[in-house]
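Enquirer: One structure coming up, written as structure tokens, with questions to follow.
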Amino acid sequence: MRARHVLAALLAGASVSACRSVGARDFNLRQLHDAESGRHRLVAPQASDFEYILRTSNLFGGNGLAQLQQKQPEPIEKPGARCLSLLNGLADFDAADQQVRAMQIDWYAFAAVDDPWTLSRERAVIELGALGRRVGLERLRVVTPDEGAIGPGELLEVLRGLIDALEPIVQGQVTAGTRLDVEAACEVLRERPLDLDGSRRALRATAALLAAGDTTRPELEPLVQLVGELERACVEQALARALNDREPLVRAAAVEGAAMALGAAVLPQFLAQVSFQEDPLVLVSILRRVATEGLPEVPADLPADEASALRMAWLSVLWRFSRHPEGSVRAAAMAALGEVSGSGIHSLREEDWQGWWNEEQERARAVRAAGAAP
């Protein structure tokens with residue numbers, strides 16, 4: 001009877017843990033995607049949260065995760081929908097936890113670029129926007145092949161050096177030089193150019209190394225900083241690549257994600273680069289973010305005439321889009337003008353904005369004439 005009670009308590013504890021099993025999402029996503037192509041598998045092992053907790057906690061013996069990996073594959077009727085469900089579930093976990101956040105960034109950075117299903121890529125870039133804001137994203141960029149990004153083999157060698165530097169901490173044999181050794185090993189990795197795939201691999205490895213230690217130890221501070229840098233590298237590269245996705249739905253979501261992460265500072269770049277031929281879905285996404293975020297502050301050290309010209313350049317783009325042939329784009333542009341122009345006009349009538357623009361042009365000409373007068 002007592003054994004039965006003990007087992008019941010263990011199962012109850014496992015059940016509670018199952019509700020928080022981010023590892024189960026990671027396992028199922030990994031099994032669902034082909035390692036080489038990234039495509040969804042039609043047959044793959046999958047584990048419920050409850051099963052994952054039971055297997056990996058070794059309540060019934062065995063070798064945990066290896067047992068799950070050898071589990072009989074099951075048919076996946078709708079792999080795209082399954083993937084989207086898992087990505088949505090991954091967002092339910094608290095990104096304040098460093099290990100959870102690293103796993104989220106890893107999977108969303110992968111899905112944003114390489115997942116074959118449009119809806120999964122869309123969801124991933126939106127989640128990356130929130131994560132980018134959390135990790136202090138400062139830019140968007142892509143590491144190109146001509147920058148000499150290292151491959152998996154060289155990355156593994158660099159990681160081995162980091163493991164060697166961390167070994168004294170694991171063995172409890174910390175010396176005065178341990179932190180310096182960890183800093184040097186982190187710097188070796190930091191100096192290697194990493195593309196998105198390399199950044200993801202490095203993030204997963206360094207986050208796992210960090211999880212094995214006490215992050216409050218001063219010797220591990222360089223590793224904590226490195227993991228944060230790799231998180232930002234994954235987000236900035238995935239969002240930048242998603243802005244060029246083949247599907248307008250994903251590009252529009254990438255605009256949302258980038259603006260969420262970087263705020264108004266990124267919007268002039270979008271306004272300067274976008275063309276009238278862009279899909280209306282993307283244009284509306286940009287214009288709505290302008291209405292929400294506003295235009296960025298003009299640099300304080302810019303001369304008054306240049307500051308005025310810069311602001312007018314931004315407003316002129318919005319005005320041109322208020323004359324777009326697609327009604328949804330026109331409406332979004334006029335709504336944005338109502339928020340950022342300072343005109344006091346809140347109208348969806350083109351003639352109202354035409355009148356405002358004419359007045360702005362006259363005012364600009366008068367300013368230029370006054371400046372040119374002897």
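Numbering starts fresh at 1 for the residues of each chain in the structure tokens, the chains themselves are lettered A, B, ... in the order given, and ligands are numbered from 1 as they appear.
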Got a sec: who's within 10 Å of segment 334-338 of chain A, counting only C-alpha atoms, leaving out chain neighbours fewer than 4 positions off, as an MDAnalysis selection string?
Expert: chainID A and resid 286:295 315:316 318:323 329:330 342:350 352:353
Enquirer: Using only C-alpha atoms, which residues sit within 10 Å of Leu194 of chain A once same-chain residues fewer than 3 positions away are excluded, as an NGL selection string?
Expert: :A and (142-145 or 147-151 or 155 or 189-191 or 197-202 or 230 or 233-234)
Enquirer: Hey, can you spit out that residue selection with C-alpha atoms as a CSV table (one decimal), in the first residue's frame?
Expert:
```
chain,number,residue,atom,x,y,z
A,142,VAL,CA,22.9,39.1,-42.0
A,143,VAL,CA,26.4,37.5,-41.9
A,144,THR,CA,27.1,36.8,-45.6
A,145,PRO,CA,29.4,34.1,-47.0
A,147,GLU,CA,32.5,37.4,-44.2
A,148,GLY,CA,34.0,33.9,-43.8
A,149,ALA,CA,31.4,32.4,-41.4
A,150,ILE,CA,32.9,29.3,-39.8
A,151,GLY,CA,31.4,25.9,-40.3
A,155,LEU,CA,32.8,25.8,-34.3
A,189,LEU,CA,34.2,32.3,-30.1
A,190,ARG,CA,33.2,36.0,-30.2
A,191,GLU,CA,35.8,36.7,-32.8
A,197,ASP,CA,23.0,28.4,-38.4
A,198,GLY,CA,26.3,28.8,-36.6
A,199,SER,CA,24.8,31.3,-34.2
A,200,ARG,CA,22.0,28.9,-33.4
A,201,ARG,CA,24.5,26.0,-32.8
A,202,ALA,CA,26.7,28.1,-30.6
A,230,LEU,CA,24.5,34.9,-29.3
A,233,ALA,CA,22.9,37.4,-33.1
A,234,CYS,CA,20.2,34.8,-33.7
```
Enquirer: Excluding same-chain residues fewer than 4 positions from segment 254-267 of chain A, what lies within 6 Å of it counting only C-alpha atoms, as number ranges by chain?
Expert: A: 125-126, 129, 132-133, 242-243, 293, 295-296
Enquirer: One number please: atom CA of Ala185 of chain A to atom CA of Gln99 of chain A, in Å, one decimal.
Expert: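 Atom CA of Ala185 of chain A sits 21.0 Å away from atom CA of Gln99 of chain A.
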Enquirer: I'd like the interatomic distance between atom CA of Phe27 of chain A and atom CA of Asp49 of chain A, to a tenth of an Å.
Expert: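 So the two atoms, atom CA of Phe27 of chain A and atom CA of Asp49 of chain A, lie 10.2 Å apart.
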Enquirer: Would you mind listing what lies within 10 Å of Asn244 of chain A as JSON, numbers by chain, with only C-alpha atoms counted and same-chain residues fewer than 5 positions away left out?
Expert: {"A": [113, 239, 250, 251, 252, 254]}
Enquirer: Using the selection just defined, write its residues with C-alpha atoms as an mmCIF file, in the first residue's frame.
Expert:
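Contents of the output file again.cif:
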```
data_model
loop_
_atom_site.group_PDB
_atom_site.id
_atom_site.type_symbol
_atom_site.label_atom_id
_atom_site.label_comp_id
_atom_site.auth_asym_id
_atom_site.auth_seq_id
_atom_site.Cartn_x
_atom_site.Cartn_y
_atom_site.Cartn_z
ATOM 1 C CA VAL A 113 13.796 31.220 -42.014
ATOM 2 C CA LEU A 239 14.466 38.927 -38.564
ATOM 3 C CA VAL A 250 5.888 36.586 -43.445
ATOM 4 C CA ARG A 251 7.442 39.858 -44.630
ATOM 5 C CA ALA A 252 4.580 41.773 -43.009
ATOM 6 C CA ALA A 254 8.807 40.546 -39.943
#
```
Enquirer: Determine the nearest neighbour of Met103 of chain A from the options A:Val274, A:Ile53, A:Ala207, A:Val284, counting only C-alpha atoms.
Expert: A:Ala207
Enquirer: Taking into account only C-alpha atoms, which residue in the set A:Leu156, A:Leu29, A:Ala332, A:Met312 is nearest to Gln361 of chain A?
Expert: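 Selected residue with least distance to Gln361 of chain A: A:Met312.
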Enquirer: Give me the residues near Asp115 of chain A as a list in words, where near means some atom within 9 Å (using only C-alpha atoms) and where sequence neighbours in that chain fewer than 5 positions away do not count.
Expert: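 Here the answer would be His33, Gly38, Arg39, His40, Cys83, Phe110, Ser120 and Arg121 of chain A.
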Enquirer: Going by DSSP on the backbone, which bits of segment 142-316 of chain A are alpha helix (DSSP H)? Write them as a PyMOL selection string, please.
Expert: chain A and resi 152-170+178-190+196-211+221-242+248-262+267-273+280-293+304-316
Enquirer: What gap, in Å, lies between atom CA of Ala184 of chain A and atom CA of Ala205 of chain A?
Expert: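 Taking atom CA of Ala184 of chain A and atom CA of Ala205 of chain A, their separation equals 17.2 Å.
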Enquirer: Calculated over only C-alpha atoms, which of the candidates A:Glu339, A:Asp34, A:Asp92, A:Asp26 has the smallest distance to Gln46 of chain A?
Expert: A:Asp26
